[in-house]
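Student: The following file, final-v5.txt, comprises compact mmCIF, C-alpha atoms and all ligand atoms:
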```txt
# COMPACT_ATOMS: atom_id res chain seq x y z
CA MET A 1 -5.33 31.82 -17.01
CA PRO A 2 -8.34 31.02 -19.23
CA LEU A 3 -8.79 27.31 -19.91
CA THR A 4 -8.60 27.70 -23.73
CA ARG A 5 -5.07 29.13 -23.53
CA LEU A 6 -3.87 25.95 -21.84
CA LYS A 7 -5.48 23.61 -24.34
CA PRO A 8 -2.78 21.39 -25.92
CA GLU A 9 -1.90 21.71 -29.58
CA PHE A 10 -1.96 18.02 -30.35
CA PRO A 11 -4.90 15.65 -30.89
CA THR A 12 -6.73 15.00 -27.65
CA GLU A 13 -9.96 13.48 -26.40
CA ILE A 14 -11.92 13.48 -23.16
CA ILE A 15 -12.05 10.18 -21.29
CA GLN A 16 -13.71 9.12 -18.06
CA GLU A 17 -11.97 6.83 -15.59
CA GLY A 18 -13.58 6.12 -12.23
CA GLN A 19 -15.53 9.29 -11.45
CA THR A 20 -12.98 11.51 -13.16
CA ARG A 21 -13.03 13.13 -16.61
CA VAL A 22 -9.78 14.36 -18.13
CA VAL A 23 -8.32 15.34 -21.49
CA VAL A 24 -5.72 12.85 -22.76
CA PRO A 25 -3.74 12.47 -26.00
CA LYS A 26 -5.81 10.78 -28.70
CA LEU A 27 -3.56 7.72 -28.86
CA LYS A 28 -4.63 6.37 -32.22
CA GLU A 29 -3.41 9.58 -33.86
CA PHE A 30 0.16 8.86 -32.74
CA VAL A 31 0.71 5.30 -33.91
CA LYS A 32 2.00 4.81 -37.44
CA GLN A 33 2.14 1.00 -37.25
CA PRO A 34 -0.07 -1.43 -35.33
CA CYS A 35 2.92 -2.86 -33.42
CA GLU A 36 3.84 0.53 -31.94
CA TYR A 37 3.25 1.17 -28.22
CA ALA A 38 0.84 4.10 -28.39
CA PRO A 39 1.32 5.63 -24.88
CA SER A 40 5.01 6.34 -25.45
CA LYS A 41 4.42 7.81 -28.95
CA ALA A 42 2.13 10.58 -27.68
CA PRO A 43 3.65 13.91 -26.53
CA VAL A 44 2.18 13.28 -23.05
CA PHE A 45 2.07 9.86 -21.46
CA TYR A 46 -1.34 8.25 -20.98
CA ASN A 47 -1.88 4.51 -20.73
CA PRO A 48 -5.53 3.35 -20.65
CA VAL A 49 -4.37 -0.18 -19.78
CA MET A 50 -3.27 1.07 -16.34
CA GLU A 51 -6.88 1.82 -15.33
CA LEU A 52 -6.97 -1.11 -12.89
CA ASN A 53 -3.65 -0.01 -11.41
CA ARG A 54 -5.10 3.48 -10.82
CA ASP A 55 -8.42 2.07 -9.52
CA LEU A 56 -6.52 -0.03 -6.98
CA ALA A 57 -4.45 3.03 -6.06
CA VAL A 58 -7.68 4.94 -5.31
CA LEU A 59 -8.80 2.05 -3.08
CA ALA A 60 -5.44 1.76 -1.35
CA VAL A 61 -5.25 5.50 -0.61
CA GLN A 62 -8.86 5.48 0.64
CA ALA A 63 -8.11 2.49 2.90
CA TYR A 64 -5.08 4.38 4.20
CA GLN A 65 -7.11 7.53 4.87
CA LYS A 66 -9.73 5.47 6.74
CA ARG A 67 -6.97 3.85 8.79
CA ILE A 68 -5.45 7.12 9.96
CA GLY A 69 -8.80 8.91 10.23
CA ARG A 70 -7.86 12.47 9.28
CA GLU A 71 -7.36 14.62 6.21
CA ILE A 72 -4.34 13.55 4.16
CA THR A 73 -1.92 15.06 1.64
CA VAL A 74 -0.78 13.17 -1.45
CA CYS A 75 2.04 13.61 -3.96
CA GLU A 76 2.31 12.09 -7.42
CA PRO A 77 5.57 13.44 -8.84
CA LEU A 78 5.49 11.58 -12.21
CA THR A 79 1.96 12.35 -13.26
CA GLY A 80 1.78 12.46 -17.09
CA CYS A 81 -1.61 13.96 -17.95
CA GLY A 82 -2.47 14.22 -14.24
CA LEU A 83 -5.12 11.51 -14.21
CA ARG A 84 -3.91 9.56 -11.17
CA GLY A 85 -3.39 12.60 -8.92
CA ILE A 86 -6.68 14.17 -10.04
CA ARG A 87 -8.48 10.90 -9.31
CA PHE A 88 -7.06 10.98 -5.74
CA ALA A 89 -8.44 14.50 -5.32
CA ILE A 90 -11.89 13.65 -6.71
CA GLU A 91 -12.45 10.02 -5.66
CA VAL A 92 -10.73 9.62 -2.29
CA LYS A 93 -12.70 11.07 0.62
CA GLY A 94 -10.56 12.97 3.11
CA VAL A 95 -7.85 14.14 0.70
CA GLY A 96 -6.96 17.73 1.56
CA LYS A 97 -4.13 18.55 -0.84
CA VAL A 98 -2.55 16.83 -3.84
CA VAL A 99 0.76 17.87 -5.43
CA ILE A 100 1.40 16.49 -8.91
CA GLY A 101 4.44 17.04 -11.10
CA ASP A 102 6.11 16.10 -14.34
CA ILE A 103 9.40 17.00 -15.97
CA ASN A 104 7.74 17.20 -19.39
CA GLU A 105 6.41 20.68 -20.15
CA LYS A 106 3.59 19.34 -22.32
CA ALA A 107 2.54 16.97 -19.53
CA PHE A 108 2.59 19.89 -17.11
CA SER A 109 0.37 21.96 -19.45
CA LEU A 110 -2.09 19.12 -20.01
CA ALA A 111 -2.22 18.29 -16.28
CA SER A 112 -2.82 22.02 -15.57
CA TYR A 113 -5.65 22.02 -18.10
CA ASN A 114 -7.17 18.95 -16.45
CA VAL A 115 -6.93 20.47 -12.98
CA GLN A 116 -8.71 23.60 -14.19
CA MET A 117 -11.30 21.65 -16.15
CA ASN A 118 -12.18 19.80 -12.92
CA ASP A 119 -12.16 23.03 -10.94
CA LEU A 120 -9.52 21.68 -8.56
CA GLN A 121 -7.11 24.63 -8.43
CA LYS A 122 -7.58 24.95 -4.65
CA CYS A 123 -6.86 21.28 -3.97
CA VAL A 124 -4.31 20.24 -6.62
CA ALA A 125 -0.97 22.00 -7.17
CA ILE A 126 1.05 21.21 -10.31
CA LYS A 127 4.79 21.54 -10.70
CA ASN A 128 6.90 21.32 -13.85
CA ARG A 129 9.84 19.81 -11.95
CA GLU A 130 12.07 16.80 -11.92
CA ALA A 131 10.59 14.29 -9.45
CA ASN A 132 13.56 14.07 -7.05
CA ASN A 133 13.89 17.81 -7.16
CA LEU A 134 10.18 18.23 -6.38
CA LEU A 135 10.23 15.67 -3.55
CA SER A 136 13.31 17.31 -2.01
CA CYS A 137 11.29 20.52 -1.53
CA TYR A 138 9.00 18.56 0.80
CA GLY A 139 11.68 16.71 2.80
CA ALA A 140 11.46 18.87 5.93
CA PRO A 141 9.25 18.23 9.00
CA ARG A 142 5.69 19.61 8.61
CA LYS A 143 6.12 19.78 4.83
CA ARG A 144 6.00 16.04 4.23
CA PHE A 145 3.19 14.08 2.57
CA ASP A 146 1.00 11.30 3.96
CA VAL A 147 1.01 9.43 0.65
CA ILE A 148 3.51 9.39 -2.22
CA ASP A 149 2.75 7.49 -5.41
CA ILE A 150 5.71 6.78 -7.70
CA ASP A 151 4.53 5.56 -11.09
CA PRO A 152 7.43 6.02 -13.50
CA PHE A 153 8.69 4.53 -16.75
CA GLY A 154 10.68 1.44 -15.74
CA SER A 155 12.14 1.35 -12.27
CA PRO A 156 10.95 3.49 -9.34
CA VAL A 157 14.30 3.02 -7.55
CA PRO A 158 15.82 6.41 -8.56
CA PHE A 159 12.97 8.11 -6.66
CA VAL A 160 12.65 5.90 -3.56
CA ASP A 161 15.19 7.75 -1.45
CA SER A 162 13.70 11.22 -1.96
CA ALA A 163 10.17 9.82 -1.62
CA LEU A 164 11.06 8.33 1.78
CA ARG A 165 12.50 11.65 2.91
CA ALA A 166 9.33 13.46 1.82
CA LEU A 167 7.00 11.00 3.59
CA ARG A 168 5.58 11.61 7.06
CA ASN A 169 5.99 9.08 9.85
CA HIS A 170 3.34 6.34 9.30
CA GLY A 171 2.95 7.51 5.66
CA LEU A 172 2.11 5.33 2.67
CA LEU A 173 4.51 4.82 -0.22
CA ALA A 174 3.23 3.28 -3.48
CA LEU A 175 5.72 2.06 -6.07
CA THR A 176 5.14 0.75 -9.60
CA ALA A 177 7.96 -1.08 -11.38
CA THR A 178 7.63 -1.88 -15.09
CA ASP A 179 11.22 -3.05 -15.66
CA MET A 180 10.14 -6.67 -15.57
CA ALA A 181 13.03 -7.94 -17.69
CA SER A 182 15.36 -6.90 -14.86
CA LEU A 183 13.14 -8.00 -11.97
CA CYS A 184 12.25 -11.36 -13.55
CA GLY A 185 15.84 -12.28 -14.28
CA VAL A 186 16.27 -11.62 -18.01
CA HIS A 187 18.74 -8.85 -17.13
CA SER A 188 19.97 -9.96 -13.72
CA LYS A 189 22.84 -7.50 -13.60
CA ALA A 190 20.44 -4.57 -13.97
CA CYS A 191 18.33 -6.00 -11.14
CA ILE A 192 21.32 -6.45 -8.83
CA ARG A 193 22.47 -2.92 -9.66
CA LYS A 194 19.10 -1.26 -9.09
CA TYR A 195 17.38 -3.39 -6.46
CA GLY A 196 20.43 -4.80 -4.66
CA GLY A 197 19.19 -8.39 -5.07
CA ARG A 198 19.56 -11.23 -7.52
CA PRO A 199 16.44 -12.22 -9.49
CA LEU A 200 15.71 -15.74 -10.76
CA ARG A 201 13.79 -16.84 -13.86
CA THR A 202 11.50 -19.15 -11.94
CA GLU A 203 7.80 -19.74 -12.59
CA TYR A 204 7.06 -17.47 -9.60
CA CYS A 205 9.40 -14.66 -10.79
CA HIS A 206 6.61 -12.05 -10.46
CA GLU A 207 6.37 -12.71 -6.74
CA LEU A 208 10.16 -12.50 -6.57
CA ALA A 209 9.86 -9.15 -8.38
CA ILE A 210 7.54 -7.82 -5.66
CA ARG A 211 9.88 -9.14 -2.97
CA LEU A 212 12.93 -7.55 -4.65
CA LEU A 213 11.13 -4.20 -4.91
CA ALA A 214 9.89 -4.43 -1.30
CA GLY A 215 13.40 -5.41 -0.18
CA CYS A 216 14.85 -2.40 -1.95
CA ALA A 217 12.30 -0.12 -0.24
CA ALA A 218 13.18 -1.69 3.14
CA THR A 219 16.97 -1.34 2.76
CA THR A 220 16.66 2.22 1.42
CA ALA A 221 14.34 3.15 4.32
CA ALA A 222 16.70 1.52 6.83
CA LYS A 223 19.45 3.99 5.82
CA HIS A 224 17.18 6.73 7.19
CA ASP A 225 16.28 4.73 10.34
CA ILE A 226 12.86 4.01 8.91
CA GLY A 227 11.04 0.67 9.03
CA VAL A 228 8.54 -0.53 6.41
CA ARG A 229 5.48 -2.79 6.35
CA ILE A 230 4.05 -4.02 3.08
CA VAL A 231 0.28 -3.55 3.27
CA PHE A 232 -0.68 -4.44 -0.29
CA SER A 233 1.00 -5.59 -3.49
CA HIS A 234 -0.08 -7.00 -6.81
CA ARG A 235 1.06 -8.03 -10.21
CA GLY A 236 -0.27 -6.47 -13.42
CA GLU A 237 0.24 -7.51 -17.02
CA HIS A 238 3.58 -5.67 -17.39
CA TYR A 239 4.36 -4.42 -13.91
CA VAL A 240 4.41 -5.05 -10.19
CA ARG A 241 3.17 -2.67 -7.54
CA VAL A 242 3.99 -2.42 -3.83
CA TYR A 243 2.29 -0.34 -1.11
CA ALA A 244 4.34 0.14 2.06
CA THR A 245 3.65 2.06 5.23
CA ILE A 246 6.65 3.44 7.04
CA GLU A 247 7.53 3.94 10.68
CA TYR A 248 10.36 6.13 11.92
CA GLY A 249 12.89 4.66 14.33
CA ALA A 250 16.14 2.66 14.19
CA GLY A 251 14.40 -0.22 15.98
CA ASN A 252 11.69 -0.32 13.31
CA ALA A 253 14.36 -0.26 10.59
CA ASP A 254 16.18 -3.18 12.26
CA GLU A 255 12.90 -5.05 12.58
CA SER A 256 12.10 -4.66 8.90
CA LEU A 257 15.61 -5.74 7.90
CA GLY A 258 14.82 -8.87 9.90
CA ASN A 259 12.40 -9.70 7.06
CA MET A 260 15.20 -9.78 4.50
CA GLY A 261 16.69 -12.99 3.22
CA TYR A 262 17.04 -15.34 0.29
CA ILE A 263 15.00 -17.85 -1.67
CA LEU A 264 16.82 -20.99 -2.78
CA HIS A 265 15.41 -22.72 -5.84
CA CYS A 266 16.12 -26.02 -7.56
CA PHE A 267 15.50 -25.83 -11.32
CA ARG A 268 15.53 -29.63 -11.57
CA CYS A 269 12.75 -30.61 -9.15
CA PHE A 270 11.08 -27.20 -8.38
CA HIS A 271 12.03 -27.43 -4.69
CA ARG A 272 12.26 -24.01 -3.06
CA GLU A 273 13.16 -22.86 0.46
CA THR A 274 13.68 -19.57 2.25
CA LEU A 275 16.64 -18.43 4.29
CA LYS A 276 15.97 -15.52 6.65
CA SER A 277 19.41 -14.02 6.94
CA TYR A 278 20.68 -10.59 6.07
CA PRO A 279 23.20 -9.48 4.99
CA ASP A 280 25.16 -12.72 5.42
CA ILE A 281 24.33 -15.82 3.49
CA LYS A 282 25.60 -19.37 3.80
CA PRO A 283 23.16 -21.35 1.68
CA PRO A 284 23.09 -25.13 1.58
CA GLU A 285 24.88 -26.19 -1.56
CA LYS A 286 22.58 -29.00 -2.67
CA CYS A 287 18.81 -29.46 -3.03
CA ILE A 288 17.53 -31.56 -0.13
CA GLU A 289 15.09 -33.31 -2.48
CA CYS A 290 17.22 -34.25 -5.49
CA GLY A 291 20.80 -33.25 -4.69
CA SER A 292 21.05 -30.75 -7.57
CA LYS A 293 22.70 -27.33 -7.22
CA LEU A 294 20.46 -24.70 -5.64
CA ASN A 295 20.13 -21.23 -7.16
CA THR A 296 19.77 -18.13 -5.00
CA ALA A 297 17.42 -15.16 -5.34
CA GLY A 298 17.93 -12.12 -3.13
CA PRO A 299 18.53 -10.55 -0.78
CA LEU A 300 14.84 -9.79 -0.93
CA TRP A 301 11.81 -9.23 1.32
CA LEU A 302 10.59 -12.46 2.97
CA GLY A 303 7.99 -10.74 5.17
CA ASN A 304 4.28 -10.33 4.42
CA ILE A 305 3.42 -8.76 1.08
CA ILE A 306 -0.28 -8.44 1.97
CA ASP A 307 -1.95 -7.18 5.13
CA PRO A 308 -5.34 -8.99 5.17
CA GLU A 309 -7.01 -6.21 7.20
CA TYR A 310 -5.80 -3.56 4.77
CA CYS A 311 -6.97 -5.71 1.90
CA ALA A 312 -10.41 -6.18 3.50
CA SER A 313 -10.69 -2.42 3.95
CA MET A 314 -9.87 -1.94 0.24
CA GLU A 315 -12.52 -4.50 -0.62
CA ARG A 316 -15.13 -2.57 1.37
CA GLN A 317 -14.19 0.63 -0.48
CA ILE A 318 -15.04 -0.96 -3.86
CA GLU A 319 -18.72 -0.81 -2.92
CA THR A 320 -18.57 2.89 -2.06
CA LYS A 321 -17.15 3.94 -5.44
CA LYS A 322 -17.95 3.62 -9.13
CA PHE A 323 -15.43 1.61 -11.10
CA ARG A 324 -15.90 0.31 -14.63
CA LEU A 325 -13.78 -2.70 -13.65
CA ALA A 326 -15.52 -3.31 -10.30
CA VAL A 327 -16.29 -6.97 -11.00
CA SER A 328 -12.74 -8.00 -11.88
CA MET A 329 -11.37 -5.79 -9.12
CA ARG A 330 -13.60 -7.41 -6.48
CA LYS A 331 -12.40 -10.84 -7.59
CA MET A 332 -8.78 -9.80 -7.67
CA VAL A 333 -8.71 -8.11 -4.26
CA ALA A 334 -10.53 -11.09 -2.67
CA LEU A 335 -8.01 -13.49 -4.24
CA ILE A 336 -5.08 -11.40 -3.08
CA GLU A 337 -6.54 -11.30 0.44
CA SER A 338 -6.92 -15.08 0.44
CA GLU A 339 -3.20 -15.39 -0.37
CA SER A 340 -2.09 -13.27 2.56
CA ASN A 341 -1.01 -16.17 4.79
CA ALA A 342 0.17 -18.46 2.03
CA PRO A 343 3.67 -19.91 1.80
CA ILE A 344 6.21 -18.01 -0.28
CA GLY A 345 6.46 -18.99 -3.98
CA TYR A 346 3.71 -20.67 -5.99
CA TYR A 347 3.75 -23.67 -8.33
CA VAL A 348 2.60 -23.42 -11.94
CA ILE A 349 0.79 -26.67 -12.66
CA ASP A 350 1.42 -26.53 -16.42
CA LYS A 351 5.15 -26.24 -15.86
CA LEU A 352 5.26 -29.23 -13.50
CA CYS A 353 3.07 -31.33 -15.82
CA ASP A 354 5.20 -30.33 -18.77
CA MET A 355 8.34 -31.54 -17.03
CA LEU A 356 6.62 -34.82 -16.04
CA SER A 357 4.96 -35.20 -19.48
CA LEU A 358 1.57 -35.43 -17.79
CA PRO A 359 -1.82 -34.10 -18.92
CA VAL A 360 -2.64 -30.83 -17.18
CA PRO A 361 -5.45 -31.02 -14.59
CA SER A 362 -7.51 -27.97 -13.64
CA VAL A 363 -6.21 -25.71 -10.89
CA LYS A 364 -9.50 -26.22 -9.02
CA TYR A 365 -9.08 -30.01 -9.05
CA VAL A 366 -5.48 -29.84 -7.81
CA VAL A 367 -6.43 -27.36 -5.06
CA GLU A 368 -9.26 -29.63 -3.88
CA THR A 369 -7.03 -32.71 -3.96
CA LEU A 370 -4.28 -31.00 -1.96
CA LYS A 371 -6.81 -29.78 0.63
CA LYS A 372 -8.22 -33.32 0.98
CA GLU A 373 -4.66 -34.52 1.61
CA GLY A 374 -4.40 -32.01 4.46
CA PHE A 375 -2.28 -29.36 2.73
CA GLN A 376 -2.87 -25.64 2.54
CA ALA A 377 -3.77 -24.86 -1.10
CA MET A 378 -5.24 -21.93 -3.01
CA PRO A 379 -5.09 -20.25 -6.43
CA THR A 380 -3.00 -17.12 -6.84
CA HIS A 381 -3.62 -13.79 -8.58
CA PHE A 382 -0.04 -13.99 -9.89
CA ASN A 383 -0.83 -16.71 -12.39
CA SER A 384 -4.17 -18.25 -13.40
CA ARG A 385 -2.41 -21.64 -13.62
CA GLY A 386 -0.64 -21.17 -10.28
CA ILE A 387 -1.20 -22.78 -6.88
CA ARG A 388 0.10 -21.72 -3.52
CA SER A 389 0.63 -24.59 -1.12
CA ASP A 390 2.74 -25.78 1.76
CA ILE A 391 3.29 -29.10 -0.04
CA SER A 392 6.85 -29.87 -1.16
CA ALA A 393 7.58 -29.94 -4.90
CA CYS A 394 8.46 -33.60 -4.61
CA LYS A 395 5.09 -34.56 -3.00
CA LEU A 396 3.19 -32.36 -5.46
CA THR A 397 4.76 -34.12 -8.45
CA ALA A 398 3.84 -37.47 -6.87
CA ILE A 399 0.22 -36.31 -6.45
CA LEU A 400 0.05 -35.06 -10.06
CA GLN A 401 1.39 -38.42 -11.23
CA ASP A 402 -1.17 -40.19 -9.05
CA LEU A 403 -4.06 -38.11 -10.47
CA THR A 404 -3.04 -39.15 -14.00
CA ASP A 405 -2.74 -42.84 -13.02
CA LYS A 406 -6.21 -42.78 -11.44
CA ALA A 407 -7.67 -41.06 -14.51
CA HIS A 408 -6.11 -43.76 -16.74
CA LYS A 409 -7.57 -46.55 -14.59
CA ARG A 410 -11.04 -44.99 -14.86
CA THR A 411 -10.91 -44.97 -18.68
C1 LIG A 501 4.53 6.22 -16.65
S1 LIG A 501 4.31 7.92 -16.88
C2 LIG A 501 3.23 8.38 -15.59
C3 LIG A 501 1.82 7.87 -15.67
C4 LIG A 501 0.95 8.37 -14.58
N1 LIG A 501 1.52 8.17 -13.28
C5 LIG A 501 -0.44 7.70 -14.66
O1 LIG A 501 -0.85 6.98 -13.73
O2 LIG A 501 -1.14 7.92 -15.65
C6 LIG A 501 5.81 8.61 -16.31
C7 LIG A 501 5.84 10.13 -16.38
O3 LIG A 501 7.02 10.54 -15.69
C8 LIG A 501 7.57 11.66 -16.36
N2 LIG A 501 8.99 11.68 -15.97
C9 LIG A 501 9.99 10.87 -16.40
N3 LIG A 501 11.12 11.13 -15.69
C10 LIG A 501 10.81 12.11 -14.81
C11 LIG A 501 11.53 12.77 -13.78
N4 LIG A 501 12.81 12.47 -13.54
N5 LIG A 501 10.90 13.71 -13.06
C12 LIG A 501 9.57 14.01 -13.29
N6 LIG A 501 8.85 13.41 -14.24
C13 LIG A 501 9.45 12.48 -14.99
C14 LIG A 501 7.29 11.43 -17.83
O4 LIG A 501 7.26 12.65 -18.51
C15 LIG A 501 5.93 10.73 -17.76
O5 LIG A 501 4.89 11.64 -17.92
ZN ZN A 502 15.92 -30.50 -6.48
```
Please express the file's structure as structure tokens.
Tutor:
Amino acid sequence: MPLTRLKPEFPTEIIQEGQTRVVVPKLKEFVKQPCEYAPSKAPVFYNPVMELNRDLAVLAVQAYQKRIGREITVCEPLTGCGLRGIRFAIEVKGVGKVVIGDINEKAFSLASYNVQMNDLQKCVAIKNREANNLLSCYGAPRKRFDVIDIDPFGSPVPFVDSALRALRNHGLLALTATDMASLCGVHSKACIRKYGGRPLRTEYCHELAIRLLAGCAATTAAKHDIGVRIVFSHRGEHYVRVYATIEYGAGNADESLGNMGYILHCFRCFHRETLKSYPDIKPPEKCIECGSKLNTAGPLWLGNIIDPEYCASMERQIETKKFRLAVSMRKMVALIESESNAPIGYYVIDKLCDMLSLPVPSVKYVVETLKKEGFQAMPTHFNSRGIRSDISACKLTAILQDLTDKAHKRT
């Protein structure tokens, strides 16, 4: 079909992201009021703000391809204008075949146009199908994909089961969740319903969100006798993202369920502790620090949410590619890597100081002080005011108090 016949009949423009050029809806033509969310007003979904998410996806898929060392196949069944899937085909070395799909006919047409415009007809196949329906066609041995990227509106949970069935042994599953109100505890019932775990509105709720999503992937995989390992995860402005590799076998499934458990949190003194137990739970009733009632998050994933080697491989890939956001990406991936062995749950200094009515010191100063005192301490990509440390909440509040007293004495 000639390219002009596929050209969409709504306002579009050509954009470049990474090394890829595609036609996207001209977003400013679709917003009537400044408060409107432009991507969802356009006939085909395109969100320029997700560039970093897609850049990191390119890195993660490249790191995966390097790890397995052969040509790979990729599926992106909720593709919108096709940008993410087309970027995999163009920017990831060693990608043999990409299948992209979307239920929206206009998205399908625009993605088809973009595939043709990039001369990728031999490498990228496009389907105008419902995502579960599409994935089900690839659920048989020898048809499965090496990588599946689920990047939907809201929760990826409705697609996790069919994605796992369409993924090869040792494959990579990437999941974006944008339903942060559920995962961060504003709508706990929705979270329990979808992810099978209770969220909590703590200062580290975005980490809990990743752990709830990872836990859901692990329990869903376990039903198919599949184990999971989380190789990379990160928080974005309005979403969380998890990358998991899978391994067939009941033993692997049991092993990954061994990473499930609960996080107990005290809203009075910020004490938190983990309880590796699944599915049973018998939590202590009172906070060991202040005696208040403990609140429970989970069941969720208590295992690693970063594989430092995988992260280092992603970091190396940044230098081999051209990204507009390379500088911030380099910083972010390095920070995430540095957090890989950190204790679960971070402190937000402003929140602690607010409770204690103390002036807020810099994160750098607190990190240095904690290290001098012999504690593990580092900043976190989750929150620019956050600190990961093995110090107890009680000792940390004492140190913050002490820093203020010393500062007063000096003045
Ligand atoms: C968030 S957008 C995808 C953005 C895209 N992944 C990217 O990186 O630019 C979600 C897309 O999923 C499509 N969609 C929603 N429900 C679907 C379903 N059940 N099956 C297939 N596509 C679906 C929508 O039409 C929309 O284009
Ligand atoms: Zn307490």
Student: Could the residues that lie within 10 Å of ligand ZN 502 (chain A), counting all atoms listed in the file, be listed as a compact mmCIF listing (two decimals) with C-alpha atoms, in the coordinates of the input?
Tutor:
```
# COMPACT_ATOMS: atom_id res chain seq x y z
CA HIS A 265 15.41 -22.72 -5.84
CA CYS A 266 16.12 -26.02 -7.56
CA PHE A 267 15.50 -25.83 -11.32
CA ARG A 268 15.53 -29.63 -11.57
CA CYS A 269 12.75 -30.61 -9.15
CA PHE A 270 11.08 -27.20 -8.38
CA HIS A 271 12.03 -27.43 -4.69
CA ARG A 272 12.26 -24.01 -3.06
CA LYS A 286 22.58 -29.00 -2.67
CA CYS A 287 18.81 -29.46 -3.03
CA ILE A 288 17.53 -31.56 -0.13
CA GLU A 289 15.09 -33.31 -2.48
CA CYS A 290 17.22 -34.25 -5.49
CA GLY A 291 20.80 -33.25 -4.69
CA SER A 292 21.05 -30.75 -7.57
CA LYS A 293 22.70 -27.33 -7.22
CA LEU A 294 20.46 -24.70 -5.64
CA ALA A 393 7.58 -29.94 -4.90
CA CYS A 394 8.46 -33.60 -4.61
```
Student: Just the residues within 10 Å of range 242-254 of chain A, please, counting all atoms listed in the file, with nothing from its chain fewer than 6 positions along; format it as an MDAnalysis selection string.
Tutor: chainID A and resid 57 60:61 64 146:149 164 167:177 210:211 213:214 217:235 305:306
Student: Taking only C-alpha atoms and all ligand atoms into account, report as an MDAnalysis selection string which residues have an atom no farther than 9 Å from an atom of ligand LIG 501 (chain A).
Tutor: chainID A and resid 39:40 43:48 50:51 53:54 76:85 101:108 128:134 149:154 158:159 176 178
Student: As a PyMOL selection string, please: the residues near Ala377 in chain A (cut-off 9 Å, all atoms listed in the file, same-chain neighbours under 3 positions excluded).
Tutor: chain A and resi 342+366-371+387-391
Student: Any idea what the distance is between CA of Ala326 in chain A and CA of Lys66 in chain A?
Tutor: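 Interatomic distance, CA of Ala326 in chain A to CA of Lys66 in chain A: 20.0 Å.
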Student: Between A:Ser182, A:Lys321, A:Val31, A:Ile15, single out the one closest to Leu59 in chain A, counting all atoms listed in the file.
Tutor: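 Residue with the minimum atom-to-atom distance to Leu59 in chain A: A:Lys321.
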Student: Just want the 7 Å neighbourhood of Ser188 in chain A, counted on only C-alpha atoms, with same-chain residues fewer than 4 positions away dropped. Output as an MDAnalysis selection string.
Tutor: chainID A and resid 182 192 198:199
Student: Once you have the residues from the selection above, write them out as an mmCIF file, in the coordinates of the input, restricted to C-alpha atoms.
Tutor:
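Produced file selection15.cif, reproduced below:
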```cif
data_model
loop_
_atom_site.group_PDB
_atom_site.id
_atom_site.type_symbol
_atom_site.label_atom_id
_atom_site.label_comp_id
_atom_site.auth_asym_id
_atom_site.auth_seq_id
_atom_site.Cartn_x
_atom_site.Cartn_y
_atom_site.Cartn_z
ATOM 1 C CA SER A 182 15.360 -6.900 -14.860
ATOM 2 C CA ILE A 192 21.320 -6.450 -8.830
ATOM 3 C CA ARG A 198 19.560 -11.230 -7.520
ATOM 4 C CA PRO A 199 16.440 -12.220 -9.490
#
```
Student: Hey, can you check how far CA of Leu396 in chain A sits from CA of Ile349 in chain A?
Tutor: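 We find that CA of Leu396 in chain A and CA of Ile349 in chain A lie 9.5 Å from each other.
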Student: Please work out which residues fall within 12 Å of (-7.5, 19.7, -32.5), coordinates as given in the file, with all atoms listed in the file counting, and return them as an mmCIF file with C-alpha atoms, keeping the file's coordinate frame.
Tutor:
```cif
data_model
loop_
_atom_site.group_PDB
_atom_site.id
_atom_site.type_symbol
_atom_site.label_atom_id
_atom_site.label_comp_id
_atom_site.auth_asym_id
_atom_site.auth_seq_id
_atom_site.Cartn_x
_atom_site.Cartn_y
_atom_site.Cartn_z
ATOM 1 C CA THR A 4 -8.600 27.700 -23.730
ATOM 2 C CA LYS A 7 -5.480 23.610 -24.340
ATOM 3 C CA PRO A 8 -2.780 21.390 -25.920
ATOM 4 C CA GLU A 9 -1.900 21.710 -29.580
ATOM 5 C CA PHE A 10 -1.960 18.020 -30.350
ATOM 6 C CA PRO A 11 -4.900 15.650 -30.890
ATOM 7 C CA THR A 12 -6.730 15.000 -27.650
ATOM 8 C CA GLU A 13 -9.960 13.480 -26.400
ATOM 9 C CA VAL A 23 -8.320 15.340 -21.490
ATOM 10 C CA PRO A 25 -3.740 12.470 -26.000
ATOM 11 C CA LYS A 26 -5.810 10.780 -28.700
ATOM 12 C CA GLU A 29 -3.410 9.580 -33.860
#
```
Student: Expressed in Å to a single decimal, how great is the separation between CA of Ala63 in chain A and CA of Cys311 in chain A?
Tutor: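 Pair CA of Ala63 in chain A / CA of Cys311 in chain A returns 8.3 Å.
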Student: As AutoDock Vina command-line options, please report the centre and edge lengths, rounded to one decimal in Å, of the axis-aligned box that holds all listed atoms of range 187-202 of chain A with 5 Å of padding on each of the six sides.
Tutor:
```
--center_x 17.2 --center_y -10.2 --center_z -10.9 --size_x 21.3 --size_y 27.9 --size_z 22.5
```
Student: Of the residues A:Ser384, A:Phe375, A:Tyr113, A:Ile86, which is the one nearest to Ile399 in chain A, using only C-alpha atoms?
Tutor: A:Phe375
Student: Between A:Val22, A:Cys216, A:Ile263, A:Leu302, which residue has the minimum interatomic distance to Met117 in chain A, considering all atoms listed in the file?
Tutor: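 So, comparing all the options, the nearest one is A:Val22.
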Student: Which residue, A:Pro279, A:Ser328, A:Val160, A:Leu403, has the smallest gap to Leu358 in chain A when you use all atoms listed in the file?
Tutor: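 Of the candidates, the smallest distance to Leu358 in chain A is held by A:Leu403.
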Student: I need the residue nearest Gly303 in chain A from this list: A:Ile318, A:Pro284, A:Asn341, A:Asp119. Use all atoms listed in the file for the distance.
Tutor: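 That would be A:Asn341, the residue with the smallest distance to Gly303 in chain A.
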